[in-house]
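The next block holds one structure in the form of structure tokens; read it before the comments.
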Amino acid sequence: MAITVNIYYTGKNGNAKKFAQEMVSRGIVKEIRAEEGNIRYEYFFPMDDEETVLLIDSWKDQKSIDIHHASPMMETIMQLRDKYDLHMNVERYFSDDTEISSKDVSFIRK
């Protein structure tokens, strides 16, 4: 069962975006995406809140998340969060691996 974690990083003076930019420019995002069990690791910017960045972080299972959290990379991420004085709101979602219902499919435009 896949696990998706939405992390809302909030700061001041554009610090959340600076954090995301540094994560990308230092190659940390690329390293995370290459980790065993990572499915998705992407930043998004809410249109109505310039001080928040949304990270959508998906993993194959809890074991993959635990290995990621135990990696030396997490210390670097925590240091960057402190550097930019970011606060977090976290949501976790579990995939049920079912197909999209035929009723829902009618609303999806491809």
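Ordering of the structure tokens sets the chain letters (A, B, ...), residue numbers begin anew at 1 in every chain, and ligands are numbered from 1 in the order given.
Summary of the local environment: counting only C-alpha atoms, residues at most 12 Å from Lys63 of chain A, other than itself and those fewer than 6 positions away along its chain, are Met1, Ala2, Ile3, Glu36, Gly37, Asn38, His69 and Ala70 of chain A.
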Could those residues be written to a file, using C-alpha atoms, as a compact mmCIF listing (two decimals), in the first residue's frame?
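Saved the output as result00.txt:
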# COMPACT_ATOMS: atom_id res chain seq x y z
CA MET A 1 0.00 0.00 0.00
CA ALA A 2 1.58 3.26 -1.15
CA ILE A 3 1.77 6.18 1.26
CA GLU A 36 14.51 2.77 -3.20
CA GLY A 37 10.75 2.98 -2.74
CA ASN A 38 10.28 6.64 -3.69
CA HIS A 69 14.12 9.16 7.55
CA ALA A 70 17.14 7.25 8.89
Requested in this report: Determine which residues of segment 8-80 of chain A receive a DSSP assignment of strand (DSSP E), computed from the backbone, and state them as a list in words.
Outcome: Tyr8, Tyr9, Thr10, Asn38, Ile39, Arg40, Tyr41, Glu42, Tyr43, Phe44, Thr52, Val53, Leu54, Leu55, Ile56, Asp57, Ser58 and Trp59 of chain A
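Shortest separation to Met88 of chain A among A:Glu51, A:Glu31, A:Asp61, A:Glu75 occurs at residue A:Glu51, atoms counted being only C-alpha atoms.
Among the candidate residues A:Glu35, A:Asp66, A:Ser58, A:Ala16, the one lying nearest to Glu91 of chain A is A:Ser58, with distances computed using only C-alpha atoms.
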**Report entry** Backbone DSSP call of helix (DSSP H, G or I) for chain A, listed as a PyMOL selection string
**Finding:** chain A and resi 15-25+28-33+62-70+72-83+102-105
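Distance check against Glu42 of chain A using only C-alpha atoms: of A:Tyr84, A:Phe107, A:Tyr8, A:Phe94, the minimum falls on A:Tyr8.
If you count only C-alpha atoms and ignore residues fewer than 5 places along the chain from Ile28 of chain A, what sits within 10 Å of it is Ala20, Glu22, Met23, Arg33, Ala34, Met73, Met74, Thr76 and Ile77 of chain A.
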Selected residues written out, C-alpha atoms, as a PDB file, in the first residue's frame:
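Saved to again33.pdb:
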ATOM      1  CA  ALA A  20      12.527  24.279  -2.223  1.00  0.00           C
ATOM      2  CA  GLU A  22      17.913  25.049  -2.545  1.00  0.00           C
ATOM      3  CA  MET A  23      16.685  21.457  -2.231  1.00  0.00           C
ATOM      4  CA  ARG A  33      13.791  10.544  -6.122  1.00  0.00           C
ATOM      5  CA  ALA A  34      16.507   7.919  -6.697  1.00  0.00           C
ATOM      6  CA  MET A  73      20.142  13.199   3.991  1.00  0.00           C
ATOM      7  CA  MET A  74      17.439  13.868   6.605  1.00  0.00           C
ATOM      8  CA  THR A  76      20.648  18.058   5.776  1.00  0.00           C
ATOM      9  CA  ILE A  77      16.924  18.579   5.163  1.00  0.00           C
TER      10      ILE A  77
END
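Closest approach to Asp57 of chain A among A:Ile100, A:Val24, A:Leu86, A:Val29: A:Val29, based on only C-alpha atoms.
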Report summary line: One decimal place gives the atom CA of His87 of chain A-atom CA of Thr10 of chain A separation as 5.3 Å
**Report entry** Nearest to Asn13 of chain A by atom-to-atom distance, counting only C-alpha atoms, from A:Ile108, A:Pro72, A:Gln79, A:Thr52
**Finding:** A:Thr52
Requested in this report: Counting only C-alpha atoms, figure out which residue out of A:Arg81, A:Lys18, A:Arg92, A:Arg109 gets nearest to Trp59 of chain A.
Outcome: A:Arg92
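With atom CA of Asp85 of chain A on one side and atom CA of Leu55 of chain A on the other, the separation reads 16.4 Å.
Here atom CA of Val105 of chain A and atom CA of Tyr93 of chain A stand 20.9 Å from one another.
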